[in-house]
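Everything below belongs to structure.txt, which stores compact mmCIF, C-alpha atoms.
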# COMPACT_ATOMS: atom_id res chain seq x y z
CA MET A 179 95.91 -20.14 -29.68
CA SER A 180 96.38 -23.85 -29.35
CA THR A 181 98.51 -25.44 -32.00
CA THR A 182 96.98 -28.90 -31.72
CA ILE A 183 93.31 -29.67 -32.23
CA ASN A 184 91.74 -32.69 -30.62
CA ALA A 185 88.41 -32.60 -32.40
CA THR A 186 86.37 -35.45 -30.96
CA ASN A 187 82.91 -35.18 -32.51
CA GLY A 188 84.15 -32.13 -34.41
CA ILE A 189 84.43 -30.20 -31.14
CA ASP A 190 87.73 -28.35 -30.71
CA LEU A 191 88.64 -29.55 -27.23
CA ALA A 192 91.58 -27.21 -26.91
CA GLN A 193 89.29 -24.24 -27.54
CA LEU A 194 86.72 -25.68 -25.15
CA VAL A 195 89.30 -25.98 -22.36
CA GLU A 196 90.65 -22.50 -23.10
CA THR A 197 87.11 -21.09 -22.96
CA VAL A 198 86.36 -22.74 -19.63
CA GLU A 199 89.64 -21.55 -18.11
CA ALA A 200 89.16 -18.01 -19.41
CA ILE A 201 85.65 -17.83 -17.92
CA LYS A 202 86.89 -19.20 -14.60
CA ALA A 203 89.36 -16.28 -14.55
CA ASP A 204 86.83 -13.65 -15.72
CA ALA A 205 83.11 -14.40 -15.35
CA ASN A 206 82.28 -11.46 -17.61
CA LEU A 207 83.41 -13.62 -20.55
CA ALA A 208 80.38 -15.86 -19.90
CA ALA A 209 77.89 -13.06 -20.62
CA PHE A 210 76.01 -12.95 -23.91
CA THR A 211 73.03 -10.98 -25.16
CA PHE A 212 71.41 -12.72 -28.12
CA ARG A 213 68.85 -11.09 -30.41
CA ALA A 214 66.22 -11.76 -33.04
CA ARG A 215 64.00 -9.40 -34.97
CA SER A 216 61.04 -9.83 -37.28
CA SER A 217 59.04 -7.86 -39.78
CA TRP A 218 55.41 -8.64 -40.59
CA ARG A 219 54.61 -9.29 -44.25
CA GLY A 220 50.83 -9.80 -44.10
CA GLY A 221 48.46 -12.37 -42.63
CA THR A 222 50.38 -14.78 -40.43
CA HIS A 223 53.63 -14.39 -42.42
CA ASN A 224 56.69 -12.79 -40.84
CA VAL A 225 60.32 -12.65 -41.89
CA GLY A 226 62.87 -12.91 -39.15
CA GLU A 227 66.55 -12.07 -38.85
CA ILE A 228 69.14 -13.35 -36.42
CA GLY A 229 72.45 -11.54 -36.72
CA GLY A 230 74.79 -9.89 -34.27
CA PHE A 231 75.01 -10.54 -30.56
CA ALA A 232 76.96 -9.12 -27.67
CA HIS A 233 79.63 -11.14 -25.88
CA ALA A 234 81.31 -9.78 -22.77
CA GLY A 235 79.83 -6.38 -23.56
CA GLN A 236 81.19 -6.22 -27.09
CA GLU A 237 79.55 -6.88 -30.44
CA ASP A 238 80.50 -10.19 -32.05
CA GLU A 239 81.52 -9.56 -35.67
CA SER A 240 81.71 -13.14 -36.91
CA ARG A 241 78.55 -13.11 -39.02
CA ALA A 242 78.86 -11.34 -42.36
CA ALA A 243 75.08 -11.30 -42.79
CA PRO A 244 72.10 -12.22 -40.63
CA PHE A 245 70.32 -15.54 -40.92
CA VAL A 246 66.88 -15.05 -42.46
CA LEU A 247 63.95 -17.18 -41.26
CA GLU A 248 60.39 -17.33 -42.53
CA GLY A 249 57.53 -17.78 -40.08
CA ASP A 250 53.94 -18.59 -41.01
CA GLU A 251 51.01 -20.79 -40.07
CA PRO A 252 49.52 -23.72 -41.99
CA PRO A 253 46.14 -23.15 -43.71
CA VAL A 254 44.21 -24.68 -40.80
CA LEU A 255 45.63 -21.85 -38.68
CA LEU A 256 44.93 -19.15 -41.30
CA GLY A 257 48.32 -19.13 -42.99
CA ASP A 258 49.97 -20.20 -46.25
CA ASN A 259 52.82 -22.42 -44.98
CA SER A 260 55.50 -19.90 -45.93
CA GLY A 261 57.49 -21.25 -42.97
CA PRO A 262 57.11 -23.16 -39.71
CA ASN A 263 55.04 -21.61 -36.96
CA ALA A 264 56.35 -20.16 -33.75
CA VAL A 265 55.69 -23.11 -31.46
CA GLU A 266 57.28 -25.49 -33.95
CA LEU A 267 60.41 -23.32 -33.78
CA LEU A 268 60.47 -23.88 -30.01
CA LEU A 269 60.63 -27.62 -30.57
CA GLN A 270 63.36 -27.19 -33.17
CA ALA A 271 65.34 -25.08 -30.72
CA LEU A 272 65.11 -27.81 -28.10
CA SER A 273 66.39 -30.42 -30.55
CA PHE A 274 69.36 -28.27 -31.56
CA CYS A 275 70.15 -27.45 -27.93
CA TYR A 276 70.05 -31.05 -26.80
CA ALA A 277 72.24 -32.17 -29.72
CA VAL A 278 74.91 -29.52 -29.16
CA GLY A 279 74.94 -30.23 -25.44
CA TYR A 280 75.21 -33.93 -26.01
CA VAL A 281 78.05 -34.00 -28.52
CA ALA A 282 80.07 -31.27 -26.79
CA ASN A 283 79.85 -32.90 -23.37
CA ALA A 284 80.53 -36.27 -24.94
CA ALA A 285 83.69 -34.84 -26.48
CA ALA A 286 84.80 -33.48 -23.12
CA ARG A 287 84.40 -37.01 -21.70
CA GLY A 288 86.17 -38.73 -24.57
CA ILE A 289 82.95 -40.27 -25.86
CA GLU A 290 82.83 -40.53 -29.64
CA ILE A 291 79.43 -39.95 -31.23
CA THR A 292 78.59 -41.28 -34.68
CA ARG A 293 74.88 -40.49 -34.72
CA MET A 294 72.77 -38.02 -32.74
CA ASP A 295 69.18 -37.51 -33.87
CA TYR A 296 66.28 -35.97 -31.98
CA GLU A 297 62.55 -36.09 -32.45
CA ILE A 298 60.51 -33.65 -30.41
CA GLU A 299 56.76 -33.31 -30.19
CA GLY A 300 54.50 -31.03 -28.23
CA ASP A 301 50.80 -31.10 -27.41
CA PHE A 302 49.03 -27.84 -28.05
CA ASP A 303 45.48 -26.57 -27.57
CA VAL A 304 44.61 -23.49 -29.62
CA ARG A 305 41.63 -22.43 -27.50
CA ALA A 306 43.45 -20.01 -25.20
CA PHE A 307 45.06 -18.31 -28.19
CA LEU A 308 41.59 -17.88 -29.70
CA GLY A 309 40.23 -16.38 -26.49
CA LEU A 310 38.23 -19.49 -25.56
CA ASP A 311 38.25 -21.30 -22.22
CA GLY A 312 40.34 -24.44 -22.07
CA GLY A 313 43.97 -25.09 -21.36
CA ARG A 314 47.00 -22.85 -21.34
CA PRO A 315 48.18 -20.89 -24.41
CA GLY A 316 51.39 -22.90 -24.80
CA PHE A 317 52.37 -26.56 -24.89
CA SER A 318 50.80 -28.74 -22.21
CA ALA A 319 53.55 -31.33 -22.67
CA ILE A 320 56.74 -31.78 -24.69
CA ARG A 321 58.31 -35.17 -25.40
CA ALA A 322 61.87 -35.54 -26.70
CA THR A 323 63.46 -38.72 -28.01
CA GLY A 324 67.16 -38.88 -28.80
CA ARG A 325 68.84 -41.60 -30.83
CA VAL A 326 72.57 -41.92 -30.29
CA SER A 327 75.34 -44.22 -31.43
CA SER A 328 78.83 -44.42 -29.96
CA PRO A 329 81.66 -46.88 -30.62
CA ASN A 330 83.37 -46.37 -27.25
CA ALA A 331 80.75 -45.73 -24.55
CA THR A 332 78.45 -47.97 -22.56
CA VAL A 333 74.67 -47.62 -22.55
CA GLU A 334 74.95 -46.47 -18.94
CA GLN A 335 77.43 -43.73 -19.82
CA LEU A 336 75.23 -42.55 -22.67
CA GLN A 337 72.09 -42.49 -20.52
CA GLU A 338 73.87 -40.65 -17.71
CA LEU A 339 75.05 -38.06 -20.23
CA CYS A 340 71.46 -37.63 -21.42
CA THR A 341 70.49 -36.71 -17.86
CA TYR A 342 73.40 -34.30 -17.51
CA VAL A 343 72.49 -32.60 -20.78
CA GLN A 344 68.90 -32.09 -19.63
CA ASP A 345 70.12 -30.43 -16.44
CA THR A 346 72.39 -28.02 -18.29
CA SER A 347 70.39 -27.37 -21.48
CA PRO A 348 69.68 -23.66 -21.98
CA VAL A 349 66.53 -24.25 -24.05
CA ARG A 350 65.16 -26.92 -21.73
CA ASP A 351 65.73 -24.56 -18.81
CA CYS A 352 63.81 -21.77 -20.59
CA LEU A 353 60.86 -24.11 -21.21
CA ALA A 354 60.88 -26.02 -17.92
CA ASN A 355 61.43 -23.00 -15.66
CA PRO A 356 60.02 -19.45 -15.79
CA VAL A 357 61.97 -16.78 -17.67
CA PRO A 358 61.22 -13.12 -16.82
CA ILE A 359 59.92 -11.42 -19.97
CA THR A 360 59.27 -7.72 -20.35
CA THR A 361 57.30 -6.59 -23.39
CA ARG A 362 56.70 -3.05 -24.54
CA LEU A 363 55.10 -1.54 -27.61
CA GLU A 364 56.01 1.61 -29.49
CA VAL A 365 53.23 3.12 -31.58
CA ILE A 366 54.83 4.65 -34.64
CA MET B 47 33.11 -22.47 -47.05
CA SER B 48 32.49 -18.78 -46.85
CA THR B 49 32.07 -17.03 -50.18
CA THR B 50 33.21 -13.61 -48.98
CA ILE B 51 36.59 -12.87 -47.49
CA ASN B 52 37.10 -9.97 -45.13
CA ALA B 53 40.85 -10.03 -44.96
CA THR B 54 41.83 -7.25 -42.56
CA ASN B 55 45.60 -7.48 -42.14
CA GLY B 56 45.55 -10.44 -44.53
CA ILE B 57 43.66 -12.51 -41.93
CA ASP B 58 40.63 -14.35 -43.35
CA LEU B 59 38.07 -13.26 -40.76
CA ALA B 60 35.38 -15.59 -42.10
CA GLN B 61 37.72 -18.56 -41.59
CA LEU B 62 38.69 -17.24 -38.16
CA VAL B 63 35.04 -17.03 -37.08
CA GLU B 64 34.29 -20.45 -38.57
CA THR B 65 37.27 -21.91 -36.69
CA VAL B 66 36.21 -20.42 -33.37
CA GLU B 67 32.62 -21.64 -33.81
CA ALA B 68 33.75 -25.12 -34.83
CA ILE B 69 35.99 -25.41 -31.77
CA LYS B 70 33.21 -24.17 -29.49
CA ALA B 71 31.11 -27.06 -30.83
CA ASP B 72 33.91 -29.67 -30.66
CA ALA B 73 36.91 -28.98 -28.42
CA ASN B 74 38.82 -31.82 -30.07
CA LEU B 75 39.30 -29.51 -33.07
CA ALA B 76 41.56 -27.35 -30.87
CA ALA B 77 44.10 -30.15 -30.35
CA PHE B 78 47.40 -30.15 -32.21
CA THR B 79 50.61 -32.09 -31.84
CA PHE B 80 53.49 -30.26 -33.47
CA ARG B 81 56.89 -31.80 -34.20
CA ALA B 82 60.49 -31.05 -35.07
CA ARG B 83 63.41 -33.35 -35.70
CA SER B 84 67.14 -32.87 -36.14
CA SER B 85 70.16 -34.75 -37.35
CA TRP B 86 73.67 -33.97 -36.16
CA ARG B 87 76.24 -33.18 -38.87
CA GLY B 88 79.40 -32.73 -36.77
CA GLY B 89 80.66 -30.26 -34.21
CA THR B 90 77.85 -27.91 -33.19
CA HIS B 91 76.09 -28.17 -36.57
CA ASN B 92 72.67 -29.80 -36.85
CA VAL B 93 70.09 -29.86 -39.62
CA GLY B 94 66.47 -29.68 -38.55
CA GLU B 95 63.19 -30.48 -40.22
CA ILE B 96 59.70 -29.27 -39.41
CA GLY B 97 57.03 -31.05 -41.42
CA GLY B 98 53.79 -32.75 -40.60
CA PHE B 99 51.68 -32.27 -37.50
CA ALA B 100 48.56 -33.80 -36.08
CA HIS B 101 45.31 -31.82 -35.84
CA ALA B 102 42.29 -33.29 -34.08
CA GLY B 103 44.02 -36.65 -34.14
CA GLN B 104 44.66 -36.67 -37.89
CA GLU B 105 47.76 -35.87 -39.88
CA ASP B 106 47.75 -32.49 -41.61
CA GLU B 107 48.73 -32.94 -45.25
CA SER B 108 49.15 -29.31 -46.27
CA ARG B 109 52.94 -29.28 -46.46
CA ALA B 110 54.42 -30.89 -49.57
CA ALA B 111 57.89 -30.97 -48.00
CA PRO B 112 59.32 -30.19 -44.58
CA PHE B 113 60.96 -26.89 -43.77
CA VAL B 114 64.71 -27.35 -43.36
CA LEU B 115 66.59 -25.32 -40.74
CA GLU B 116 70.29 -25.15 -39.99
CA GLY B 117 71.49 -24.84 -36.41
CA ASP B 118 75.03 -24.03 -35.33
CA GLU B 119 77.04 -21.90 -32.93
CA PRO B 120 79.27 -18.92 -33.68
CA PRO B 121 83.05 -19.45 -33.46
CA VAL B 122 83.22 -18.07 -29.90
CA LEU B 123 80.95 -20.99 -28.94
CA LEU B 124 82.93 -23.57 -30.93
CA GLY B 125 80.88 -23.48 -34.15
CA ASP B 126 81.13 -22.22 -37.71
CA ASN B 127 78.00 -20.04 -37.98
CA SER B 128 76.20 -22.49 -40.28
CA GLY B 129 72.97 -21.25 -38.69
CA PRO B 130 71.59 -19.49 -35.63
CA ASN B 131 71.98 -21.17 -32.30
CA ALA B 132 69.22 -22.75 -30.25
CA VAL B 133 68.58 -19.90 -27.83
CA GLU B 134 68.46 -17.40 -30.68
CA LEU B 135 65.71 -19.55 -32.22
CA LEU B 136 63.72 -19.16 -29.00
CA LEU B 137 63.84 -15.38 -29.39
CA GLN B 138 62.82 -15.67 -33.04
CA ALA B 139 59.91 -17.87 -32.05
CA LEU B 140 58.71 -15.25 -29.56
CA SER B 141 58.84 -12.52 -32.20
CA PHE B 142 56.82 -14.60 -34.68
CA CYS B 143 54.30 -15.57 -32.01
CA TYR B 144 53.77 -12.01 -30.83
CA ALA B 145 53.38 -10.74 -34.40
CA VAL B 146 50.81 -13.38 -35.41
CA GLY B 147 48.87 -12.85 -32.21
CA TYR B 148 48.89 -9.11 -32.67
CA VAL B 149 47.75 -8.90 -36.27
CA ALA B 150 45.17 -11.68 -35.94
CA ASN B 151 43.57 -10.20 -32.83
CA ALA B 152 43.75 -6.75 -34.38
CA ALA B 153 41.86 -8.08 -37.39
CA ALA B 154 39.21 -9.57 -35.11
CA ARG B 155 38.76 -6.11 -33.53
CA GLY B 156 38.71 -4.26 -36.85
CA ILE B 157 42.10 -2.69 -36.23
CA GLU B 158 44.14 -2.28 -39.41
CA ILE B 159 47.87 -2.83 -39.04
CA THR B 160 50.34 -1.34 -41.52
CA ARG B 161 53.56 -2.19 -39.67
CA MET B 162 54.41 -4.76 -37.02
CA ASP B 163 58.06 -5.27 -36.16
CA TYR B 164 59.59 -6.91 -33.13
CA GLU B 165 63.04 -6.81 -31.64
CA ILE B 166 63.78 -9.38 -28.94
CA GLU B 167 66.89 -9.76 -26.83
CA GLY B 168 67.85 -12.16 -24.11
CA ASP B 169 70.61 -12.16 -21.51
CA PHE B 170 72.50 -15.41 -21.29
CA ASP B 171 75.33 -16.74 -19.12
CA VAL B 172 77.16 -19.74 -20.57
CA ARG B 173 78.64 -20.93 -17.26
CA ALA B 174 75.94 -23.44 -16.33
CA PHE B 175 76.10 -24.99 -19.80
CA LEU B 176 79.86 -25.38 -19.34
CA GLY B 177 79.40 -27.04 -15.95
CA LEU B 178 80.61 -24.00 -13.99
CA ASP B 179 78.87 -22.33 -11.06
CA GLY B 180 76.95 -19.17 -11.88
CA GLY B 181 73.46 -18.51 -13.07
CA ARG B 182 70.86 -20.71 -14.72
CA PRO B 183 71.45 -22.52 -18.04
CA GLY B 184 68.86 -20.46 -19.94
CA PHE B 185 68.02 -16.79 -20.36
CA SER B 186 67.98 -14.75 -17.15
CA ALA B 187 65.82 -12.10 -18.84
CA ILE B 188 64.11 -11.53 -22.19
CA ARG B 189 63.08 -8.11 -23.44
CA ALA B 190 60.68 -7.62 -26.36
CA THR B 191 59.95 -4.39 -28.15
CA GLY B 192 57.17 -4.14 -30.71
CA ARG B 193 56.74 -1.32 -33.19
CA VAL B 194 53.26 -0.97 -34.63
CA SER B 195 51.44 1.42 -36.93
CA SER B 196 47.68 1.58 -37.44
CA PRO B 197 45.57 4.09 -39.36
CA ASN B 198 42.38 3.47 -37.37
CA ALA B 199 43.25 2.68 -33.74
CA THR B 200 44.18 4.82 -30.76
CA VAL B 201 47.42 4.41 -28.84
CA GLU B 202 45.36 3.12 -25.92
CA GLN B 203 43.69 0.45 -28.07
CA LEU B 204 47.06 -0.65 -29.44
CA GLN B 205 48.65 -0.82 -26.00
CA GLU B 206 45.72 -2.77 -24.59
CA LEU B 207 46.01 -5.24 -27.46
CA CYS B 208 49.72 -5.67 -26.65
CA THR B 209 48.75 -6.74 -23.13
CA TYR B 210 46.10 -9.13 -24.43
CA VAL B 211 48.57 -10.70 -26.86
CA GLN B 212 51.06 -11.31 -24.05
CA ASP B 213 48.40 -13.07 -22.01
CA THR B 214 47.43 -15.39 -24.88
CA SER B 215 50.80 -15.91 -26.61
CA PRO B 216 51.71 -19.61 -26.84
CA VAL B 217 55.46 -18.96 -26.97
CA ARG B 218 55.41 -16.40 -24.16
CA ASP B 219 53.47 -18.90 -22.05
CA CYS B 220 56.05 -21.62 -22.73
CA LEU B 221 58.87 -19.28 -21.64
CA ALA B 222 57.14 -17.52 -18.73
CA ASN B 223 55.55 -20.65 -17.23
CA PRO B 224 56.88 -24.19 -16.78
CA VAL B 225 56.20 -26.76 -19.50
CA PRO B 226 56.45 -30.47 -18.55
CA ILE B 227 59.21 -32.04 -20.66
CA THR B 228 60.01 -35.72 -20.82
CA THR B 229 63.27 -36.75 -22.45
CA ARG B 230 64.41 -40.23 -23.30
CA LEU B 231 67.38 -41.64 -25.17
CA GLU B 232 67.59 -44.68 -27.39
CA VAL B 233 71.06 -46.14 -27.82
CA ILE B 234 71.30 -47.51 -31.36
The structure given in the file should be rewritten as structure tokens.
Amino acid sequence: MSTTINATNGIDLAQLVETVEAIKADANLAAFTFRARSSWRGGTHNVGEIGGFAHAGQEDESRAAPFVLEGDEPPVLLGDNSGPNAVELLLQALSFCYAVGYVANAAARGIEITRMDYEIEGDFDVRAFLGLDGGRPGFSAIRATGRVSSPNATVEQLQELCTYVQDTSPVRDCLANPVPITTRLEVI
Amino acid sequence: MSTTINATNGIDLAQLVETVEAIKADANLAAFTFRARSSWRGGTHNVGEIGGFAHAGQEDESRAAPFVLEGDEPPVLLGDNSGPNAVELLLQALSFCYAVGYVANAAARGIEITRMDYEIEGDFDVRAFLGLDGGRPGFSAIRATGRVSSPNATVEQLQELCTYVQDTSPVRDCLANPVPITTRLEVI
């Protein structure tokens, strides 16, 4: 363990450097399997749980209890607004991913961040979901706007970092490029 | 408004039919713009909000307050577990999307559902995010398992519906096929 913490933007740079060096020495340490589960509660309402995950082939034990998320649709889409809907969660995931990528990479470059907000919006046509002709089932376009403040970086540095973060963002990659998905159903 | 509600699986079939017929008559009613925003709180911790959205060019007013979501990383990824991370939210979104699609389409077919659970997992390599060679930034593979029970459908009907739901799932489409994303940054 490092005995000094250089925590630019609240990111522990010593841990970050240790992590990078450890993965360079053993690529298996880069491997994660993340998970989510859900249980249907009626209508368009589901309750989700995000808990344990595997890292380097072993279960991570850091979470005492799973995070619980509610999912539902608004009334116009047959729900009761018990929670956000699934495609809204995608947009939220992109905002979180961009923000973490931005502040962590800023820290690694010595760039202090004092504000990092994102607004994401996505255009959606419900026809394919309803079995009607017209458009794809998912978003036809997603637009993200970040708002950043830094006391020690130029506009050019901050814009270049925005480009770097896009190129390395896990969520952006999953939306911008195809992910292989296998789906199976067990009838109980 | 319909005066009778046939609510198989808690889905208001009269509203579903009305919605489909209205969209057939005016495709503009199929158009939504969904949104999410986030504000960085330090380190890998962000607080997100999902509130209003636009439907057919008008703001939906059904939500009295936005849904608030916490996003963070586990300690092994430099966070404090204040919430799930961004890629875990993607998996949660897929589970919610599959479940809503399944029970709604089942209702439309007269199939009663008494249980609908999903477990999703995704394989992830953190090297690209860290700027190291090796793999893509996002999931290399996602696996979804549904568990369904129905008192009035055959296994074949339930499996066929699983295939239909995959083909029309908005979240699966966004992960399996490329979505155009534009990202811009405002320096404040």
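For chain A and chain B, which have identical sequences, superposing all Cα atoms of the second on the first gives an RMSD of 0.0 Å.
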### Message
With distances taken over only C-alpha atoms, which residue among A:Ala243, A:Val304, A:Ala285, A:Val343 lies nearest chain B?
### Response
A:Val304
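In this structure, atom CA of Glu119 of chain B sits 24.2 Å away from atom CA of Arg321 of chain A.
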### Computed interatomic separation between atom CA of Val146 of chain B and atom CA of Val349 of chain A (Å)
22.2 Å
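Rounded to one decimal, atom CA of Val201 of chain B and atom CA of Arg215 of chain A lie 22.4 Å from each other.
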### Task
Would you mind listing what lies within 6 Å of segment 257-273 of chain A as a list in words, with all atoms listed in the file counted and same-chain residues fewer than 2 positions away left out?
Thr222, Glu248, Gly249, Asp250, Glu251, Pro252, Pro253, Leu255, Cys275, Tyr276, Tyr296 and Val349 of chain A; Ala82, Ala132, Leu135, Leu136, Ala139, Phe142 and Cys143 of chain B
### Query
Hey, which of B:Asn92, B:Thr229, B:Asn198, B:Thr191 ends up closest to Thr54 of chain B? Count all atoms listed in the file.
B:Asn198
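Omitting Pro224 of chain B and its sequence neighbours fewer than 2 positions away, and counting all atoms listed in the file, the residues within 10 Å are A:Gly316, A:Phe317, A:Ser318, A:Ala319, A:Asp351, A:Cys352, A:Leu353, A:Ala354, A:Asn355, A:Pro356, A:Val357, B:Asp219, B:Cys220, B:Leu221, B:Ala222, B:Pro226, B:Ile227.
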### Among the residues B:Ser196, B:Thr160, B:Asn151, B:Thr79, the one that comes closest to chain A [using only C-alpha atoms]
B:Thr79
#### Entry: Which residue of A:Ile289, A:Ala203, A:Ile298, A:Leu256 approaches Val326 of chain A most closely, using all atoms listed in the file
A:Ile289
### Query
Skipping near chain neighbours, those fewer than 5 positions away, what residues fall within 6 Å of segment 219-221 of chain A using only C-alpha atoms, listed as a PyMOL selection string?
chain B and resi 55-57
### Message
Could you check the closest approach to chain B for each of A:Gln236, A:Thr341, A:Ser216, A:Thr332 and tell me which residue wins, using only C-alpha atoms?
### Response
A:Ser216
### Query
When distances are computed from only C-alpha atoms, which of B:Leu178, B:Val149, B:Val63, B:Ile159 shows the smallest separation from Ile366 of chain A?
B:Ile159
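Residues in contact with Val66 of chain B at up to 12 Å, not including ones fewer than 2 positions away on its chain and judged by all atoms listed in the file, are Val254, Leu255, Leu256, Val304, Arg305, Ala306, Phe307, Leu308, Gly309, Leu310 and Asp311 of chain A; Leu59, Ala60, Gln61, Leu62, Val63, Glu64, Ala68, Ile69, Lys70, Ala71, Asp72, Ala73, Leu75, Ala76 and Ala154 of chain B.
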Please complete segment 207-229 of chain A with N, CA and C atoms and give it back as an mmCIF file, in the frame of the given file.
data_model
loop_
_atom_site.group_PDB
_atom_site.id
_atom_site.type_symbol
_atom_site.label_atom_id
_atom_site.label_comp_id
_atom_site.auth_asym_id
_atom_site.auth_seq_id
_atom_site.Cartn_x
_atom_site.Cartn_y
_atom_site.Cartn_z
ATOM 1 N N LEU A 207 83.304 -12.956 -19.239
ATOM 2 C CA LEU A 207 83.410 -13.620 -20.550
ATOM 3 C C LEU A 207 82.288 -14.616 -20.781
ATOM 4 N N ALA A 208 81.511 -14.938 -19.751
ATOM 5 C CA ALA A 208 80.380 -15.860 -19.900
ATOM 6 C C ALA A 208 79.105 -15.163 -20.368
ATOM 7 N N ALA A 209 79.128 -13.828 -20.392
ATOM 8 C CA ALA A 209 77.890 -13.060 -20.620
ATOM 9 C C ALA A 209 77.635 -12.803 -22.102
ATOM 10 N N PHE A 210 76.451 -13.197 -22.540
ATOM 11 C CA PHE A 210 76.010 -12.950 -23.910
ATOM 12 C C PHE A 210 74.645 -12.257 -23.886
ATOM 13 N N THR A 211 74.404 -11.416 -24.883
ATOM 14 C CA THR A 211 73.030 -10.980 -25.160
ATOM 15 C C THR A 211 72.733 -11.338 -26.606
ATOM 16 N N PHE A 212 71.813 -12.282 -26.775
ATOM 17 C CA PHE A 212 71.410 -12.720 -28.120
ATOM 18 C C PHE A 212 70.170 -11.943 -28.554
ATOM 19 N N ARG A 213 69.932 -11.923 -29.873
ATOM 20 C CA ARG A 213 68.850 -11.090 -30.410
ATOM 21 C C ARG A 213 68.180 -11.767 -31.610
ATOM 22 N N ALA A 214 66.933 -11.418 -31.806
ATOM 23 C CA ALA A 214 66.220 -11.760 -33.040
ATOM 24 C C ALA A 214 65.256 -10.623 -33.339
ATOM 25 N N ARG A 215 64.984 -10.413 -34.596
ATOM 26 C CA ARG A 215 64.000 -9.400 -34.970
ATOM 27 C C ARG A 215 63.092 -9.987 -36.031
ATOM 28 N N SER A 216 61.943 -9.371 -36.220
ATOM 29 C CA SER A 216 61.040 -9.830 -37.280
ATOM 30 C C SER A 216 60.259 -8.666 -37.834
ATOM 31 N N SER A 217 59.820 -8.869 -39.064
ATOM 32 C CA SER A 217 59.040 -7.860 -39.780
ATOM 33 C C SER A 217 57.840 -8.561 -40.403
ATOM 34 N N TRP A 218 56.655 -8.034 -40.115
ATOM 35 C CA TRP A 218 55.410 -8.640 -40.590
ATOM 36 C C TRP A 218 55.213 -8.370 -42.070
ATOM 37 N N ARG A 219 54.798 -9.415 -42.803
ATOM 38 C CA ARG A 219 54.610 -9.290 -44.250
ATOM 39 C C ARG A 219 53.158 -9.443 -44.682
ATOM 40 N N GLY A 220 52.249 -9.628 -43.750
ATOM 41 C CA GLY A 220 50.830 -9.800 -44.100
ATOM 42 C C GLY A 220 50.306 -11.129 -43.605
ATOM 43 N N GLY A 221 49.046 -11.136 -43.166
ATOM 44 C CA GLY A 221 48.460 -12.370 -42.630
ATOM 45 C C GLY A 221 49.283 -12.892 -41.471
ATOM 46 N N THR A 222 49.584 -14.172 -41.507
ATOM 47 C CA THR A 222 50.380 -14.780 -40.430
ATOM 48 C C THR A 222 51.853 -14.928 -40.812
ATOM 49 N N HIS A 223 52.262 -14.255 -41.882
ATOM 50 C CA HIS A 223 53.630 -14.390 -42.420
ATOM 51 C C HIS A 223 54.547 -13.289 -41.881
ATOM 52 N N ASN A 224 55.658 -13.715 -41.308
ATOM 53 C CA ASN A 224 56.690 -12.790 -40.840
ATOM 54 C C ASN A 224 58.044 -13.260 -41.355
ATOM 55 N N VAL A 225 58.944 -12.314 -41.548
ATOM 56 C CA VAL A 225 60.320 -12.650 -41.890
ATOM 57 C C VAL A 225 61.209 -12.228 -40.734
ATOM 58 N N GLY A 226 62.012 -13.158 -40.291
ATOM 59 C CA GLY A 226 62.870 -12.910 -39.150
ATOM 60 C C GLY A 226 64.334 -12.817 -39.536
ATOM 61 N N GLU A 227 65.094 -12.164 -38.660
ATOM 62 C CA GLU A 227 66.550 -12.070 -38.850
ATOM 63 C C GLU A 227 67.235 -12.299 -37.513
ATOM 64 N N ILE A 228 68.269 -13.126 -37.572
ATOM 65 C CA ILE A 228 69.140 -13.350 -36.420
ATOM 66 C C ILE A 228 70.553 -13.022 -36.870
ATOM 67 N N GLY A 229 71.136 -11.986 -36.260
ATOM 68 C CA GLY A 229 72.450 -11.540 -36.720
ATOM 69 C C GLY A 229 73.418 -11.386 -35.574
#
